[in-house]
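This report refers to the structure that appears directly beneath it.
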Amino acid sequence: MREKTDAPKMDRNDPIPVTVVAGFLGAGKTTLLNHILHSDHGRRIAVLVNDFSAINIDAELISEVSESAINLTNGCICCTIRMDLIGEVLRLADLPEPPEHIVIESSGVADPAGIVRSFFEQEVRQSALLDAIITVVDSELVLELSDEEDRLAQAQILGGDLFVLNKIDLVDEVTLQKVRDWMTDLRPGVPIFETVKCQAPVESILGFGRTRTNRFNSDAKYEFIGLEPHPSFETWTYISETPMAFELLQQVLTHLPKSMVRAKGFIYSNERRDRRLLFQLVGRRATISDEGKWGEIEPQTRLVFIARKGSCNFPAIEKALDACQAKR
């Protein structure tokens with residue numbers, strides 16, 4: 001069910017409130033963004049993402065598509081983040097009909113402190129004002145992270161103003177209580193929304209009509225790692241225009257090294273050439289789902305992998321994936 005709120009409209013001269021969505025790889029940040037875009041909240045919201053191909057927007061909701069933006073019939077807009085994040089925020093603020101709220105997806109292997117500091121600049125504060133940081137937490141995997149990953153997850157928790165404790169359907173009550181206690185010990189008193197597929201009430205997590213606190217003042221001090229992806233991680237991409245033998249590929253993808261913390265992408269299967277299959281790996285959980293026909297998209301397998309730096313033999317993985325290509 002979609003939520004609806006009768007939130008008051010903001011004055012055109014007011015700075016646009018900005019929400020940053022943080023959280024470790026695979027926690028559900030993109031799922032939350034999808035939920036926000038699809039909800040009946042009555043607000044013009046702009047969502048800034050690194051790649052809007054991950055945003056699941058039904059065709060009937062799209063009113064216009066440009067090189068870097070998707071405009072929706074409900075007034076919302078989804079934009080890609082380019083080199084100049086603040087420049088993009090200011091561009092949105094300067095539109096003839098600017099958004100009433102901006103949501104920014106932070107990298108899964110970074111702390112959002114760099115984004116926070118950017119909004120302290122006076123020229124930015126006149127157009128956009130940081131409202132809150134929402135940290136999405138994977139209740140199934142957050143207590144199983146390695147030391148380095150745990151440090152990143154804790155930094156994201158420490159910087160959060162509101163928590164979305166996601167995937168509670170995948171754990172028992174004992175585990176869930178351990179996660180609650182862990183979060184509360186790190187950041188006491190912060191509101192926690194416990195969710196399945198990030199179905200949190202949008203009017204609450206975006207603070208429609210809420211009076212801001214002075215948490216984000218220019219004197220605030222942050223002990224964060226920084227905005228850029230942490231040097232402890234590396235990314236590798238595999239692309240193949242040749243259909244893949246599904247069973248062979250499945251064996252490779254379900255036996256990746258344990259140091260592979262995240263992987264996702266589309267599969268061009270030899271057995272189902274007309275269907276676009278989505279692969280997702282979060283921790284040790286791997287899933288493959290049918291995302292419908294390719295349509296006008298050129299079929300190809302395109303997979304992105306994120307692993308702890310120096311821990312994976314990517315040439316060996318590439319060789320194994322190449323061996324999965326269907327024989328001509």
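Naming works like this for the structure tokens: A, B, ... for the chains as they're shown, residue 1 at the start of each chain, ligands 1 onward in shown order.
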
Residues flagged alpha helix (DSSP H) by DSSP in stretch 4-168 of chain A, as a CSV table (one decimal) with N, CA and C atoms, in the first residue's frame:
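The resulting out.csv:
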```
chain,number,residue,atom,x,y,z
A,29,LYS,N,19.8,0.2,0.0
A,29,LYS,CA,19.6,1.6,-0.3
A,29,LYS,C,18.8,1.9,-1.6
A,30,THR,N,19.1,1.1,-2.7
A,30,THR,CA,18.4,1.3,-3.9
A,30,THR,C,16.9,0.9,-3.7
A,31,THR,N,16.7,-0.1,-2.9
A,31,THR,CA,15.3,-0.6,-2.7
A,31,THR,C,14.5,0.6,-2.0
A,32,LEU,N,15.2,1.2,-1.0
A,32,LEU,CA,14.6,2.4,-0.3
A,32,LEU,C,14.3,3.5,-1.3
A,33,LEU,N,15.2,3.8,-2.2
A,33,LEU,CA,15.0,4.8,-3.2
A,33,LEU,C,13.8,4.5,-4.1
A,34,ASN,N,13.7,3.3,-4.6
A,34,ASN,CA,12.6,2.8,-5.3
A,34,ASN,C,11.2,3.1,-4.6
A,35,HIS,N,11.3,2.7,-3.3
A,35,HIS,CA,10.1,2.9,-2.5
A,35,HIS,C,9.7,4.3,-2.4
A,36,ILE,N,10.7,5.2,-2.2
A,36,ILE,CA,10.4,6.7,-2.1
A,36,ILE,C,9.8,7.2,-3.4
A,37,LEU,N,10.4,6.8,-4.6
A,37,LEU,CA,9.9,7.3,-5.9
A,37,LEU,C,8.5,6.8,-6.2
A,38,HIS,N,8.1,5.6,-5.8
A,38,HIS,CA,6.9,5.0,-6.1
A,38,HIS,C,5.7,5.4,-5.1
A,85,LEU,N,28.7,16.7,-7.6
A,85,LEU,CA,27.5,16.4,-6.9
A,85,LEU,C,26.8,17.7,-6.5
A,86,ILE,N,27.5,18.6,-5.9
A,86,ILE,CA,26.9,19.8,-5.4
A,86,ILE,C,26.4,20.7,-6.6
A,87,GLY,N,27.2,20.6,-7.7
A,87,GLY,CA,26.7,21.3,-8.9
A,87,GLY,C,25.4,20.8,-9.4
A,88,GLU,N,25.2,19.5,-9.3
A,88,GLU,CA,23.9,18.9,-9.7
A,88,GLU,C,22.8,19.3,-8.8
A,89,VAL,N,23.1,19.3,-7.5
A,89,VAL,CA,22.1,19.8,-6.5
A,89,VAL,C,21.7,21.2,-6.8
A,90,LEU,N,22.6,22.1,-7.1
A,90,LEU,CA,22.3,23.5,-7.4
A,90,LEU,C,21.6,23.6,-8.7
A,91,ARG,N,21.9,22.7,-9.6
A,91,ARG,CA,21.1,22.8,-10.9
A,91,ARG,C,19.7,22.4,-10.7
A,92,LEU,N,19.4,21.4,-9.8
A,92,LEU,CA,18.1,21.0,-9.5
A,92,LEU,C,17.3,22.2,-8.8
A,93,ALA,N,18.1,22.9,-7.9
A,93,ALA,CA,17.4,24.0,-7.1
A,93,ALA,C,17.1,25.1,-8.0
A,113,ALA,N,30.3,11.4,5.1
A,113,ALA,CA,30.8,12.7,5.7
A,113,ALA,C,31.2,13.7,4.6
A,114,GLY,N,31.8,13.3,3.5
A,114,GLY,CA,32.2,14.2,2.5
A,114,GLY,C,31.0,15.0,1.9
A,115,ILE,N,29.9,14.3,1.8
A,115,ILE,CA,28.6,15.0,1.3
A,115,ILE,C,28.2,15.9,2.4
A,116,VAL,N,28.2,15.5,3.6
A,116,VAL,CA,27.8,16.4,4.8
A,116,VAL,C,28.6,17.7,4.7
A,117,ARG,N,29.9,17.6,4.6
A,117,ARG,CA,30.7,18.8,4.7
A,117,ARG,C,30.4,19.8,3.5
A,118,SER,N,30.0,19.2,2.4
A,118,SER,CA,29.8,20.0,1.2
A,118,SER,C,28.6,20.9,1.4
A,122,GLN,N,28.4,28.2,2.6
A,122,GLN,CA,27.3,29.2,2.7
A,122,GLN,C,26.5,29.3,1.4
A,123,GLU,N,27.2,29.3,0.2
A,123,GLU,CA,26.5,29.4,-1.1
A,123,GLU,C,25.6,28.2,-1.3
A,124,VAL,N,26.0,27.1,-0.8
A,124,VAL,CA,25.1,25.9,-0.9
A,124,VAL,C,23.9,26.0,0.0
A,125,ARG,N,24.1,26.4,1.2
A,125,ARG,CA,23.1,26.4,2.2
A,125,ARG,C,21.9,27.4,1.8
A,147,ASP,N,36.6,-7.3,10.0
A,147,ASP,CA,37.0,-6.1,10.8
A,147,ASP,C,36.9,-4.8,10.0
A,148,GLU,N,37.4,-4.8,8.7
A,148,GLU,CA,37.4,-3.6,7.9
A,148,GLU,C,36.0,-3.2,7.5
A,149,GLU,N,35.2,-4.2,7.1
A,149,GLU,CA,33.9,-3.9,6.7
A,149,GLU,C,33.0,-3.4,7.9
A,150,ASP,N,33.3,-4.0,9.1
A,150,ASP,CA,32.6,-3.6,10.3
A,150,ASP,C,32.9,-2.2,10.7
A,151,ARG,N,34.2,-1.8,10.5
A,151,ARG,CA,34.5,-0.4,10.8
A,151,ARG,C,33.8,0.6,9.9
A,152,LEU,N,33.6,0.2,8.6
A,152,LEU,CA,32.8,1.1,7.7
A,152,LEU,C,31.4,1.1,8.1
A,153,ALA,N,30.8,-0.1,8.4
A,153,ALA,CA,29.4,-0.1,8.8
A,153,ALA,C,29.2,0.7,10.1
A,154,GLN,N,30.1,0.6,11.0
A,154,GLN,CA,30.0,1.4,12.3
A,154,GLN,C,30.0,2.9,12.0
A,155,ALA,N,30.9,3.3,11.1
A,155,ALA,CA,31.0,4.7,10.7
A,155,ALA,C,29.7,5.2,10.1
A,156,GLN,N,29.1,4.4,9.3
A,156,GLN,CA,27.8,4.7,8.7
A,156,GLN,C,26.7,4.8,9.8
A,157,ILE,N,26.7,3.9,10.8
A,157,ILE,CA,25.8,4.0,11.9
A,157,ILE,C,26.0,5.3,12.7
A,158,LEU,N,27.3,5.6,13.0
A,158,LEU,CA,27.6,6.7,13.9
A,158,LEU,C,27.1,8.0,13.2
```

Fill in: Residues of stretch 31-236 of chain A in strand (DSSP E or B), written as a PyMOL selection string
chain A and resi 45-49+62-65+69-72+77-80+101-105+128-138+162-166+192-194+233-236

Just to be explicit: take each residue in the selection above, keep C-alpha atoms, and write the result as an mmCIF file, in the first residue's frame.
```
data_model
loop_
_atom_site.group_PDB
_atom_site.id
_atom_site.type_symbol
_atom_site.label_atom_id
_atom_site.label_comp_id
_atom_site.auth_asym_id
_atom_site.auth_seq_id
_atom_site.Cartn_x
_atom_site.Cartn_y
_atom_site.Cartn_z
ATOM 1 C CA ILE A 45 11.289 14.532 -5.034
ATOM 2 C CA ALA A 46 14.592 14.310 -6.879
ATOM 3 C CA VAL A 47 16.664 11.177 -6.290
ATOM 4 C CA LEU A 48 20.378 11.314 -7.141
ATOM 5 C CA VAL A 49 22.007 7.935 -7.800
ATOM 6 C CA ILE A 62 7.750 7.741 -16.940
ATOM 7 C CA SER A 63 6.801 11.025 -18.589
ATOM 8 C CA GLU A 64 10.189 11.882 -20.119
ATOM 9 C CA VAL A 65 13.692 10.394 -20.392
ATOM 10 C CA ALA A 69 17.371 12.089 -15.828
ATOM 11 C CA ILE A 70 14.046 10.269 -15.754
ATOM 12 C CA ASN A 71 10.990 12.437 -15.144
ATOM 13 C CA LEU A 72 7.987 10.715 -13.613
ATOM 14 C CA ILE A 77 12.797 12.980 -10.996
ATOM 15 C CA CYS A 78 15.653 10.450 -10.907
ATOM 16 C CA CYS A 79 19.100 11.765 -11.883
ATOM 17 C CA THR A 80 22.559 10.266 -12.135
ATOM 18 C CA HIS A 101 13.133 17.350 -1.500
ATOM 19 C CA ILE A 102 16.404 15.827 -2.755
ATOM 20 C CA VAL A 103 17.565 12.327 -1.800
ATOM 21 C CA ILE A 104 21.191 11.325 -2.425
ATOM 22 C CA GLU A 105 22.438 7.736 -2.434
ATOM 23 C CA ALA A 128 19.906 23.317 -0.277
ATOM 24 C CA LEU A 129 19.986 22.374 3.393
ATOM 25 C CA LEU A 130 20.968 18.955 4.705
ATOM 26 C CA ASP A 131 17.982 17.500 6.543
ATOM 27 C CA ALA A 132 19.183 14.087 7.709
ATOM 28 C CA ILE A 133 21.258 10.998 7.048
ATOM 29 C CA ILE A 134 19.313 7.748 6.827
ATOM 30 C CA THR A 135 21.421 4.636 7.357
ATOM 31 C CA VAL A 136 20.076 1.382 5.945
ATOM 32 C CA VAL A 137 21.235 -1.712 7.876
ATOM 33 C CA ASP A 138 21.161 -5.338 6.680
ATOM 34 C CA LEU A 162 17.545 7.617 11.445
ATOM 35 C CA PHE A 163 17.959 3.893 10.829
ATOM 36 C CA VAL A 164 16.107 1.592 8.462
ATOM 37 C CA LEU A 165 16.762 -1.889 9.833
ATOM 38 C CA ASN A 166 16.019 -3.920 6.734
ATOM 39 C CA ILE A 192 14.766 2.677 14.068
ATOM 40 C CA PHE A 193 12.272 1.566 11.411
ATOM 41 C CA GLU A 194 12.263 -2.219 11.107
ATOM 42 C CA PHE A 233 37.914 -2.340 -1.807
ATOM 43 C CA GLU A 234 38.257 -2.786 -5.553
ATOM 44 C CA THR A 235 35.713 -3.156 -8.373
ATOM 45 C CA TRP A 236 35.861 -5.375 -11.456
#
```

Practice prompt. Identify which of the residues A:Ala59, A:Val20, A:Ile297, A:Val282 lies closest to A:Val142, counting only C-alpha atoms when measuring atom-to-atom distances.
Written response: A:Val282

Worksheet item: Any idea what's packed within 9 Å of A:Gly292, counting only C-alpha atoms, ignoring anything in its chain fewer than 3 positions away? Could you give it as a list in words?
Response: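 Once the adjacent positions are removed, what remains is Asp274, Arg275, Arg276, Leu277 and Gly295 of chain A.
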
Now that the selection is made, can you save its residues with N, CA and C atoms as an mmCIF file, in the first residue's frame?
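Final file, result.cif:
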```
data_model
loop_
_atom_site.group_PDB
_atom_site.id
_atom_site.type_symbol
_atom_site.label_atom_id
_atom_site.label_comp_id
_atom_site.auth_asym_id
_atom_site.auth_seq_id
_atom_site.Cartn_x
_atom_site.Cartn_y
_atom_site.Cartn_z
ATOM 1 N N ASP A 274 15.655 -14.648 -24.527
ATOM 2 C CA ASP A 274 14.779 -13.481 -24.605
ATOM 3 C C ASP A 274 14.521 -12.853 -23.237
ATOM 4 N N ARG A 275 15.025 -13.459 -22.153
ATOM 5 C CA ARG A 275 14.751 -12.974 -20.803
ATOM 6 C C ARG A 275 16.005 -12.347 -20.184
ATOM 7 N N ARG A 276 15.806 -11.236 -19.498
ATOM 8 C CA ARG A 276 16.906 -10.550 -18.812
ATOM 9 C C ARG A 276 16.929 -11.011 -17.367
ATOM 10 N N LEU A 277 17.992 -11.721 -16.984
ATOM 11 C CA LEU A 277 18.103 -12.276 -15.640
ATOM 12 C C LEU A 277 18.988 -11.379 -14.780
ATOM 13 N N GLY A 295 13.611 -6.533 -24.574
ATOM 14 C CA GLY A 295 12.999 -5.422 -25.310
ATOM 15 C C GLY A 295 13.983 -4.812 -26.288
#
```

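In this structure, atom CA of A:Ala320 sits 20.7 Å away from atom CA of A:Arg273.
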
Worksheet item: Which polymer residues have any atom within 12 Å of an atom of A:Lys327, counting only C-alpha atoms, with same-chain residues fewer than 4 positions away left out, as a VMD selection string?
Response: chain A and resid 242 to 245 270 322 to 323

Could those residues be written to a file, using C-alpha atoms, as a PDB file, in the first residue's frame?
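Listing of selection.pdb after writing:
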```pdb
ATOM      1  CA  THR A 242      27.906 -14.316 -26.066  1.00  0.00           C
ATOM      2  CA  PRO A 243      25.047 -16.144 -24.296  1.00  0.00           C
ATOM      3  CA  MET A 244      26.096 -17.974 -21.148  1.00  0.00           C
ATOM      4  CA  ALA A 245      25.397 -21.618 -20.311  1.00  0.00           C
ATOM      5  CA  ASN A 270      21.679 -19.333 -23.611  1.00  0.00           C
ATOM      6  CA  ASP A 322      34.616 -17.245 -20.172  1.00  0.00           C
ATOM      7  CA  ALA A 323      34.330 -21.019 -19.911  1.00  0.00           C
TER       8      ALA A 323
END
```
